[in-house]
Structures are given as C-alpha cells and as structure tokens.
$ cat model.csv   # CSV, C-alpha atoms and all ligand atoms
chain,number,residue,atom,x,y,z
Z,5,MET,CA,10.8,3.2,8.7
Z,6,ARG,CA,8.4,1.2,6.6
Z,7,LEU,CA,9.2,-2.2,5.2
Z,8,LEU,CA,7.5,-4.4,2.6
Z,9,ILE,CA,7.8,-8.2,2.8
Z,10,VAL,CA,7.0,-10.1,-0.4
Z,11,GLU,CA,6.9,-13.7,0.5
Z,12,ASP,CA,4.4,-16.5,-0.3
Z,13,GLU,CA,5.3,-18.8,2.6
Z,14,LYS,CA,2.7,-17.3,4.9
Z,15,ARG,CA,4.1,-18.5,8.2
Z,16,LEU,CA,7.6,-17.2,7.4
Z,17,ALA,CA,6.2,-13.9,6.2
Z,18,LEU,CA,4.1,-13.4,9.2
Z,19,SER,CA,6.8,-14.4,11.7
Z,20,LEU,CA,9.2,-12.0,10.0
Z,21,ALA,CA,6.6,-9.2,10.1
Z,22,LYS,CA,5.9,-9.9,13.8
Z,23,GLY,CA,9.6,-9.7,14.7
Z,24,LEU,CA,10.3,-6.6,12.6
Z,25,THR,CA,7.3,-4.9,14.0
Z,26,ALA,CA,8.6,-5.5,17.5
Z,27,GLU,CA,11.9,-3.8,16.3
Z,28,GLY,CA,9.8,-0.7,15.7
Z,29,TYR,CA,9.4,-0.9,11.9
Z,30,ALA,CA,6.0,-0.5,10.1
Z,31,VAL,CA,5.7,-3.7,8.1
Z,32,ASP,CA,3.4,-4.7,5.2
Z,33,VAL,CA,3.2,-8.2,3.9
Z,34,VAL,CA,2.0,-9.4,0.5
Z,35,HIS,CA,2.2,-13.0,-0.8
Z,36,ASP,CA,2.2,-12.4,-4.6
Z,37,GLY,CA,4.9,-11.0,-6.9
Z,38,ARG,CA,2.5,-8.7,-8.8
Z,39,GLU,CA,1.0,-7.3,-5.7
Z,40,GLY,CA,4.6,-6.8,-4.4
Z,41,LEU,CA,5.5,-4.9,-7.5
Z,42,HIS,CA,2.4,-2.7,-7.2
Z,43,ARG,CA,3.0,-1.9,-3.5
Z,44,ALA,CA,6.7,-1.4,-3.8
Z,45,GLY,CA,6.1,0.9,-6.8
Z,46,GLU,CA,4.0,3.2,-4.8
Z,47,GLY,CA,7.3,4.4,-3.3
Z,48,SER,CA,6.7,4.8,0.4
Z,49,TYR,CA,8.9,1.9,1.5
Z,50,ASP,CA,12.4,2.2,3.0
Z,51,LEU,CA,13.2,-1.4,2.2
Z,52,VAL,CA,11.7,-4.4,0.5
Z,53,ILE,CA,12.4,-8.0,1.5
Z,54,LEU,CA,11.7,-10.0,-1.7
Z,55,ASP,CA,11.5,-13.7,-2.1
Z,56,ILE,CA,12.4,-15.2,-5.5
Z,57,MET,CA,9.9,-18.0,-6.0
Z,58,LEU,CA,6.6,-16.2,-5.9
Z,59,PRO,CA,3.2,-16.7,-7.5
Z,60,GLY,CA,2.2,-14.1,-10.1
Z,61,MET,CA,5.7,-12.8,-10.9
Z,62,ASN,CA,9.1,-14.0,-9.6
Z,63,GLY,CA,11.4,-11.9,-7.4
Z,64,TYR,CA,13.9,-11.3,-10.1
Z,65,ARG,CA,11.3,-9.8,-12.4
Z,66,VAL,CA,9.8,-7.8,-9.6
Z,67,CYS,CA,13.2,-6.4,-8.8
Z,68,GLY,CA,14.1,-5.8,-12.4
Z,69,ALA,CA,10.8,-4.0,-13.0
Z,70,LEU,CA,11.3,-1.7,-10.0
Z,71,ARG,CA,14.8,-0.7,-11.1
Z,72,ALA,CA,13.7,-0.2,-14.7
Z,73,ALA,CA,11.0,2.1,-13.4
Z,74,GLY,CA,13.7,4.1,-11.5
Z,75,HIS,CA,12.9,3.0,-7.9
Z,76,ASP,CA,16.0,2.8,-5.8
Z,77,VAL,CA,14.4,1.3,-2.6
Z,78,PRO,CA,16.9,-1.1,-1.0
Z,79,ILE,CA,16.0,-4.7,-1.8
Z,80,LEU,CA,17.0,-7.7,0.2
Z,81,MET,CA,16.4,-10.9,-1.7
Z,82,LEU,CA,15.6,-14.3,-0.1
Z,83,THR,CA,17.0,-17.2,-2.1
Z,84,ALA,CA,16.6,-20.9,-1.8
Z,85,LYS,CA,19.4,-23.0,-0.4
Z,86,ASP,CA,19.4,-25.5,-3.2
Z,87,GLY,CA,21.5,-23.3,-5.5
Z,88,GLU,CA,18.8,-23.3,-8.1
Z,89,TYR,CA,19.1,-19.5,-8.1
Z,90,ASP,CA,22.4,-17.8,-7.7
Z,91,GLU,CA,23.2,-14.7,-5.9
Z,92,ALA,CA,24.9,-13.2,-8.9
Z,93,GLU,CA,21.7,-13.2,-10.8
Z,94,GLY,CA,19.8,-11.6,-8.0
Z,95,LEU,CA,22.4,-8.8,-7.7
Z,96,ASP,CA,22.4,-8.4,-11.5
Z,97,THR,CA,18.7,-7.5,-11.4
Z,98,GLY,CA,19.5,-4.7,-8.9
Z,99,ALA,CA,19.1,-6.3,-5.5
Z,100,ASP,CA,21.3,-4.8,-2.8
Z,101,ASP,CA,21.8,-7.9,-0.8
Z,102,TYR,CA,20.7,-11.5,-0.6
Z,103,LEU,CA,20.1,-14.0,2.2
Z,104,THR,CA,19.9,-17.8,1.7
Z,105,LYS,CA,17.1,-19.8,3.2
Z,106,PRO,CA,17.0,-21.0,5.9
Z,107,PHE,CA,18.4,-18.0,7.6
Z,108,SER,CA,18.6,-16.9,11.2
Z,109,TYR,CA,16.3,-14.1,12.2
Z,110,VAL,CA,19.1,-12.3,13.9
Z,111,VAL,CA,21.1,-12.2,10.7
Z,112,LEU,CA,18.1,-10.9,8.7
Z,113,VAL,CA,17.6,-8.1,11.2
Z,114,ALA,CA,21.3,-7.2,11.0
Z,115,ARG,CA,21.1,-7.1,7.2
Z,116,VAL,CA,18.0,-5.0,7.2
Z,117,LYS,CA,19.6,-2.5,9.6
Z,118,ALA,CA,22.8,-2.4,7.5
Z,119,LEU,CA,20.9,-1.7,4.3
Z,120,LEU,CA,18.8,1.1,6.0
Z,121,ARG,CA,22.0,2.6,7.5
Z,122,ARG,CA,23.8,2.5,4.1
Z,123,ARG,CA,21.0,4.4,2.7
Z,124,GLY,CA,21.0,7.0,5.5
Z,125,PRO,CA,21.3,10.6,4.3
Z,126,SER,CA,24.2,11.4,6.7
Z,127,GLY,CA,26.6,9.4,4.6
Z,128,GLY,CA,25.9,6.2,6.5
Z,129,SER,CA,26.4,7.4,10.1
Z,130,PRO,CA,23.4,6.4,12.2
Z,131,VAL,CA,24.2,9.1,14.8
Z,132,HIS,CA,22.6,12.5,14.4
Z,133,VAL,CA,23.6,15.4,16.6
Z,134,LEU,CA,21.0,18.1,17.0
Z,135,GLY,CA,21.9,20.7,19.6
Z,136,GLU,CA,22.1,18.9,22.9
Z,137,PHE,CA,20.5,15.8,21.5
Z,138,LYS,CA,22.3,12.7,20.1
Z,139,ILE,CA,20.0,10.4,18.2
Z,140,ASP,CA,21.3,7.0,17.1
Z,141,THR,CA,18.9,5.6,14.5
Z,142,ALA,CA,20.7,2.2,14.5
Z,143,ALA,CA,20.6,1.6,18.2
Z,144,GLN,CA,17.3,3.5,18.5
Z,145,ARG,CA,18.6,5.6,21.4
Z,146,VAL,CA,18.2,9.2,22.3
Z,147,LEU,CA,20.6,11.0,24.6
Z,148,ARG,CA,20.3,14.6,25.9
Z,149,GLY,CA,23.8,15.2,27.1
Z,150,GLU,CA,24.6,12.1,29.1
Z,151,GLU,CA,21.0,11.4,30.0
Z,152,GLU,CA,19.2,8.7,28.0
Z,153,ILE,CA,15.6,9.5,27.1
Z,154,THR,CA,13.3,6.5,26.8
Z,155,LEU,CA,11.0,6.3,23.9
Z,156,THR,CA,8.7,3.6,22.7
Z,157,ALA,CA,9.5,2.0,19.3
Z,158,LYS,CA,6.7,4.0,17.6
Z,159,GLU,CA,7.7,7.3,19.2
Z,160,PHE,CA,11.3,6.6,18.0
Z,161,SER,CA,10.0,5.9,14.5
Z,162,VAL,CA,8.1,9.2,14.4
Z,163,LEU,CA,11.1,11.1,15.7
Z,164,GLU,CA,13.4,9.3,13.2
Z,165,GLN,CA,11.3,10.6,10.2
Z,166,LEU,CA,12.0,14.1,11.4
Z,167,VAL,CA,15.6,13.5,12.3
Z,168,VAL,CA,16.7,12.1,8.9
Z,169,ARG,CA,15.1,15.2,7.3
Z,170,ALA,CA,16.1,17.7,9.9
Z,171,GLY,CA,15.5,21.3,8.8
Z,172,GLU,CA,12.9,20.2,6.3
Z,173,VAL,CA,9.2,20.2,6.6
Z,174,VAL,CA,7.8,16.7,6.9
Z,175,SER,CA,4.1,16.3,6.4
Z,176,LYS,CA,1.8,14.4,8.6
Z,177,SER,CA,1.0,12.0,5.8
Z,178,ASP,CA,4.7,11.3,5.1
Z,179,ILE,CA,5.1,10.3,8.8
Z,180,LEU,CA,1.9,8.2,8.6
Z,181,ASP,CA,3.1,6.5,5.4
Z,182,HIS,CA,6.5,5.6,6.8
Z,183,VAL,CA,5.6,4.7,10.4
Z,184,TRP,CA,2.2,3.0,10.2
Z,185,ASP,CA,1.5,0.0,7.9
Z,186,PHE,CA,-1.3,-0.1,5.3
Z,187,ALA,CA,-3.6,-2.0,7.7
Z,188,TYR,CA,-3.8,1.1,9.9
Z,189,GLU,CA,-7.3,2.5,9.5
Z,190,GLY,CA,-7.4,4.7,12.5
Z,191,ASP,CA,-7.3,8.4,12.8
Z,192,PRO,CA,-4.4,10.1,10.9
Z,193,ASN,CA,-4.3,12.6,13.8
Z,194,ILE,CA,-2.5,9.8,15.7
Z,195,VAL,CA,0.6,11.6,14.4
Z,196,GLU,CA,-0.3,14.7,16.5
Z,197,VAL,CA,-0.6,12.5,19.5
Z,198,TYR,CA,2.9,11.2,19.0
Z,199,ILE,CA,4.3,14.6,18.3
Z,200,SER,CA,2.9,15.9,21.6
Z,201,THR,CA,4.4,13.0,23.5
Z,202,LEU,CA,7.7,13.6,21.9
Z,203,ARG,CA,7.5,17.3,22.8
Z,204,ARG,CA,6.8,16.4,26.4
Z,205,LYS,CA,9.8,14.1,26.5
Z,206,LEU,CA,12.2,16.1,24.5
Z,207,GLY,CA,11.2,19.7,25.2
Z,208,ALA,CA,8.7,21.8,23.3
Z,209,SER,CA,11.2,23.7,21.1
Z,210,LEU,CA,12.7,20.8,19.2
Z,211,ILE,CA,9.8,20.0,16.9
Z,212,ARG,CA,8.1,23.0,15.2
Z,213,THR,CA,4.7,22.9,13.7
Z,214,VAL,CA,4.6,24.4,10.2
Z,215,ARG,CA,0.9,25.3,9.9
Z,216,GLY,CA,-0.9,23.5,7.1
Z,217,ALA,CA,2.3,21.7,6.0
Z,218,GLY,CA,3.7,19.5,8.8
Z,219,TYR,CA,6.5,19.5,11.2
Z,220,ARG,CA,10.1,20.6,11.2
Z,221,LEU,CA,12.9,19.5,13.5
Z,222,GLU,CA,15.0,22.5,14.4
Z,223,ALA,CA,18.7,21.9,14.0
Z,224,ARG,CA,19.7,24.5,16.5
I,301,CA,CA,8.5,-18.6,-2.2

$ encode --input "model.csv" --output "structure tokens"
Amino acid sequence: MRLLIVEDEKRLALSLAKGLTAEGYAVDVVHDGREGLHRAGEGSYDLVILDIMLPGMNGYRVCGALRAAGHDVPILMLTAKDGEYDEAEGLDTGADDYLTKPFSYVVLVARVKALLRRRGPSGGSPVHVLGEFKIDTAAQRVLRGEEEITLTAKEFSVLEQLVVRAGEVVSKSDILDHVWDFAYEGDPNIVEVYISTLRRKLGASLIRTVRGAGYRLEAR
C-alpha cells in the first residue's frame, strides 16, 4: 500500500512518514498543496493524509479538486484544534475521515488501517483465503493451515498487491508503484527479487509469472 502525506509541518510529516514506513507502507511526503494535488492526481496512492492549512493551496481545495476530477482515493484530513475549520466542511469537500491535531500516532494508524480496510475489494474483510493460505491484510499475517509464515513488511506489501487482485495479472510496475515510494531510484527488478523470496516461503505454485505482463496469484 502506498500513502501520500501532504503536510507543511516538516517534523510532523517526517515523523508520520517514518512511523508508517515501519508499518510496511510506502510513504511519500510533500509539503505544499499544489504539489499534493499533482501527486495525488497521478492515481497510484491507496490513501492520502491531507493537512488543511497548506501553502500553495489549502486542503479543502485539494480535496475538492481531486473529487471533481473523479479520484476516489480515501482522504484523511488533519484539522487544527482551534475549531477554525470544522469537520463538516472537510467531509463536505469529500474527505473520508478527519483527525484533530494534536492527535496520537496510534489513533492515526488505526484510522489509516480502517480506511484502507473499508476500501478493500472483499467487501471490507481483511482476511483473504486462498487454498491452504489465509492472508490477513489488516494484521499483516499469513497462515498456511495453522502454521504462521513470517514475512518482512516489504514482502507482505508485495504479496498484498497480488492478494487483493487475486486471479488478475498485476504488472511489475503496478507493484513497484504501490510498494515503493517515489524516492526509490533503484532497479525495478527488485520486484523479481521479492517474488522469488515469496515463492521460497510460500511455495512455487502460488504466484505465477505471466510472461511480459506480470504476476498472477492463483486462487486454487
Ligand atoms: Ca499546516
């Protein structure tokens, strides 16, 4: 999952990014409303955390512009405590949820997870059953029967991209876009490295290579 943080308080933005990265998300940060709109409009984000008071363009306008352009990415708005901005206005412009500053990091993570889950293709259930595997995208756990298989956060993120689109072909660049942030300038073949690790841990038959197109998770 890839998240965008649009927040001009740099220390807050960077500490959120650090925490969410440790949770296994790919996180991009921008500090300006216009840049936020531009990035979010590119469409490869699973969620946007959007501050309201921003240079360039305020959060309400960014949110409104995204919705007007037909983007349905979940948006979590960050509002100031002083009541200068009210939640109703934020939700009116198309935000999915709001959080009042100062907020606890734990609450933010819970809200982010809830929004991502709500958006899940399986009608909100975070648990995907594929043959003998049970993959819980909320708890980031993989079980084969009763046995838990340990994956790193990145390995899980790669697997998750295939799981939420099980049976479909997912291209290498789709995986790269959703799992690595825009600062990643390494070799795109990193995806292959992760796929081969996943095959070693989960068995060779689960993830099929579709030559020239990408990968497909077999829903046996
Ligand atoms: Ca601000």

$ residues_near_ligand --input "model.csv" --ligand "ligand CA 301 (chain I)" --cutoff "9 Å" --atoms "only C-alpha atoms and all ligand atoms" --output "VMD selection string"
chain Z and resid 10 to 13 35 55 to 59 62 to 63 82 to 84

$ atom_distance --input "model.csv" --atom1 "CA of Glu172 (chain Z)" --atom2 "CA of Arg220 (chain Z)"
5.7 Å

$ residues_near_point --input "model.csv" --point "(0.0, 8.7, 13.1)" --cutoff "9 Å" --atoms "only C-alpha atoms" --output "PDB file with C-alpha atoms, in the coordinates of the input"
ATOM      1  CA  VAL Z 162       8.100   9.200  14.400  1.00  0.00           C
ATOM      2  CA  LYS Z 176       1.800  14.400   8.600  1.00  0.00           C
ATOM      3  CA  SER Z 177       1.000  12.000   5.800  1.00  0.00           C
ATOM      4  CA  ILE Z 179       5.100  10.300   8.800  1.00  0.00           C
ATOM      5  CA  LEU Z 180       1.900   8.200   8.600  1.00  0.00           C
ATOM      6  CA  ASP Z 181       3.100   6.500   5.400  1.00  0.00           C
ATOM      7  CA  VAL Z 183       5.600   4.700  10.400  1.00  0.00           C
ATOM      8  CA  TRP Z 184       2.200   3.000  10.200  1.00  0.00           C
ATOM      9  CA  GLY Z 190      -7.400   4.700  12.500  1.00  0.00           C
ATOM     10  CA  ASP Z 191      -7.300   8.400  12.800  1.00  0.00           C
ATOM     11  CA  PRO Z 192      -4.400  10.100  10.900  1.00  0.00           C
ATOM     12  CA  ASN Z 193      -4.300  12.600  13.800  1.00  0.00           C
ATOM     13  CA  ILE Z 194      -2.500   9.800  15.700  1.00  0.00           C
ATOM     14  CA  VAL Z 195       0.600  11.600  14.400  1.00  0.00           C
ATOM     15  CA  GLU Z 196      -0.300  14.700  16.500  1.00  0.00           C
ATOM     16  CA  VAL Z 197      -0.600  12.500  19.500  1.00  0.00           C
ATOM     17  CA  TYR Z 198       2.900  11.200  19.000  1.00  0.00           C
ATOM     18  CA  ILE Z 199       4.300  14.600  18.300  1.00  0.00           C
TER      19      ILE Z 199
END

$ atom_distance --input "model.csv" --atom1 "CA of Arg15 (chain Z)" --atom2 "CA of Glu164 (chain Z)"
29.7 Å

$ closest_residue --input "model.csv" --among "Z:Ala208, Z:Leu221, Z:Ala21, Z:Ile139" --to "Ser175 (chain Z)" --atoms "only C-alpha atoms"
Z:Leu221

$ residues_around --input "model.csv" --residues "Lys14 (chain Z)" --least-positions-apart "6" --cutoff "10 Å" --atoms "all atoms listed in the file" --output "list of chain:residue names"
Z:Leu20, Z:Val33, Z:Val34, Z:His35

$ atom_distance --input "model.csv" --atom1 "CA of Glu46 (chain Z)" --atom2 "CA of Arg65 (chain Z)"
16.7 Å

$ residues_near_point --input "model.csv" --point "(5.7, 2.7, -0.4)" --cutoff "8 Å" --atoms "all atoms listed in the file" --output "PyMOL selection string"
chain Z and resi 6+8+43-50+181-182

$ closest_residue --input "model.csv" --among "Z:Val110, Z:Ile9, Z:Leu54, Z:Leu119" --to "Pro78 (chain Z)" --atoms "all atoms listed in the file"
Z:Leu119

$ closest_residue --input "model.csv" --among "Z:Leu51, Z:Leu210, Z:Ala73, Z:Leu163" --to "Asp101 (chain Z)" --atoms "all atoms listed in the file"
Z:Leu51

$ closest_residue --input "model.csv" --among "Z:Ala217, Z:Leu16, Z:Val31, Z:Val113" --to "Val174 (chain Z)" --atoms "only C-alpha atoms"
Z:Ala217

$ decode --input "model.csv" --residues "region 50-64 of chain Z" --atoms "N, CA, C and O atoms" --output "mmCIF file, in the first residue's frame"
data_model
loop_
_atom_site.group_PDB
_atom_site.id
_atom_site.type_symbol
_atom_site.label_atom_id
_atom_site.label_comp_id
_atom_site.auth_asym_id
_atom_site.auth_seq_id
_atom_site.Cartn_x
_atom_site.Cartn_y
_atom_site.Cartn_z
ATOM 1 N N ASP Z 50 -3.016 4.686 -2.348
ATOM 2 C CA ASP Z 50 -4.124 3.967 -1.726
ATOM 3 C C ASP Z 50 -4.809 4.817 -0.669
ATOM 4 O O ASP Z 50 -5.918 4.503 -0.241
ATOM 5 N N LEU Z 51 -4.112 5.884 -0.239
ATOM 6 C CA LEU Z 51 -4.691 6.780 0.768
ATOM 7 C C LEU Z 51 -3.881 8.078 0.803
ATOM 8 O O LEU Z 51 -2.672 8.049 0.583
ATOM 9 N N VAL Z 52 -4.578 9.204 1.079
ATOM 10 C CA VAL Z 52 -3.896 10.492 1.205
ATOM 11 C C VAL Z 52 -4.198 11.064 2.585
ATOM 12 O O VAL Z 52 -5.352 11.091 3.013
ATOM 13 N N ILE Z 53 -3.138 11.460 3.294
ATOM 14 C CA ILE Z 53 -3.288 12.183 4.561
ATOM 15 C C ILE Z 53 -3.066 13.644 4.220
ATOM 16 O O ILE Z 53 -2.003 14.019 3.711
ATOM 17 N N LEU Z 54 -4.098 14.461 4.445
ATOM 18 C CA LEU Z 54 -4.102 15.816 3.901
ATOM 19 C C LEU Z 54 -4.328 16.846 4.998
ATOM 20 O O LEU Z 54 -5.381 16.869 5.639
ATOM 21 N N ASP Z 55 -3.334 17.691 5.211
ATOM 22 C CA ASP Z 55 -3.483 18.794 6.152
ATOM 23 C C ASP Z 55 -4.370 19.859 5.511
ATOM 24 O O ASP Z 55 -4.502 19.919 4.289
ATOM 25 N N ILE Z 56 -5.004 20.707 6.338
ATOM 26 C CA ILE Z 56 -5.868 21.752 5.763
ATOM 27 C C ILE Z 56 -5.089 23.032 5.472
ATOM 28 O O ILE Z 56 -5.127 23.550 4.361
ATOM 29 N N MET Z 57 -4.346 23.523 6.478
ATOM 30 C CA MET Z 57 -3.575 24.755 6.261
ATOM 31 C C MET Z 57 -2.275 24.409 5.550
ATOM 32 O O MET Z 57 -1.367 23.851 6.157
ATOM 33 N N LEU Z 58 -2.228 24.737 4.277
ATOM 34 C CA LEU Z 58 -1.057 24.388 3.460
ATOM 35 C C LEU Z 58 -0.669 25.568 2.588
ATOM 36 O O LEU Z 58 -1.549 26.307 2.140
ATOM 37 N N PRO Z 59 0.610 25.733 2.308
ATOM 38 C CA PRO Z 59 0.991 26.740 1.324
ATOM 39 C C PRO Z 59 0.575 26.271 -0.072
ATOM 40 O O PRO Z 59 0.414 25.077 -0.301
ATOM 41 N N GLY Z 60 0.389 27.217 -0.967
ATOM 42 C CA GLY Z 60 0.063 26.865 -2.361
ATOM 43 C C GLY Z 60 -1.427 26.718 -2.570
ATOM 44 O O GLY Z 60 -2.021 27.424 -3.383
ATOM 45 N N MET Z 61 -2.051 25.825 -1.808
ATOM 46 C CA MET Z 61 -3.468 25.521 -1.997
ATOM 47 C C MET Z 61 -3.922 24.816 -0.735
ATOM 48 O O MET Z 61 -3.227 23.911 -0.270
ATOM 49 N N ASN Z 62 -5.056 25.233 -0.148
ATOM 50 C CA ASN Z 62 -5.416 24.585 1.118
ATOM 51 C C ASN Z 62 -6.022 23.203 0.909
ATOM 52 O O ASN Z 62 -6.401 22.815 -0.195
ATOM 53 N N GLY Z 63 -6.076 22.452 2.013
ATOM 54 C CA GLY Z 63 -6.506 21.057 1.947
ATOM 55 C C GLY Z 63 -7.925 20.872 1.416
ATOM 56 O O GLY Z 63 -8.218 19.917 0.710
ATOM 57 N N TYR Z 64 -8.818 21.802 1.767
ATOM 58 C CA TYR Z 64 -10.189 21.700 1.258
ATOM 59 C C TYR Z 64 -10.194 21.756 -0.270
ATOM 60 O O TYR Z 64 -10.899 21.006 -0.935
#
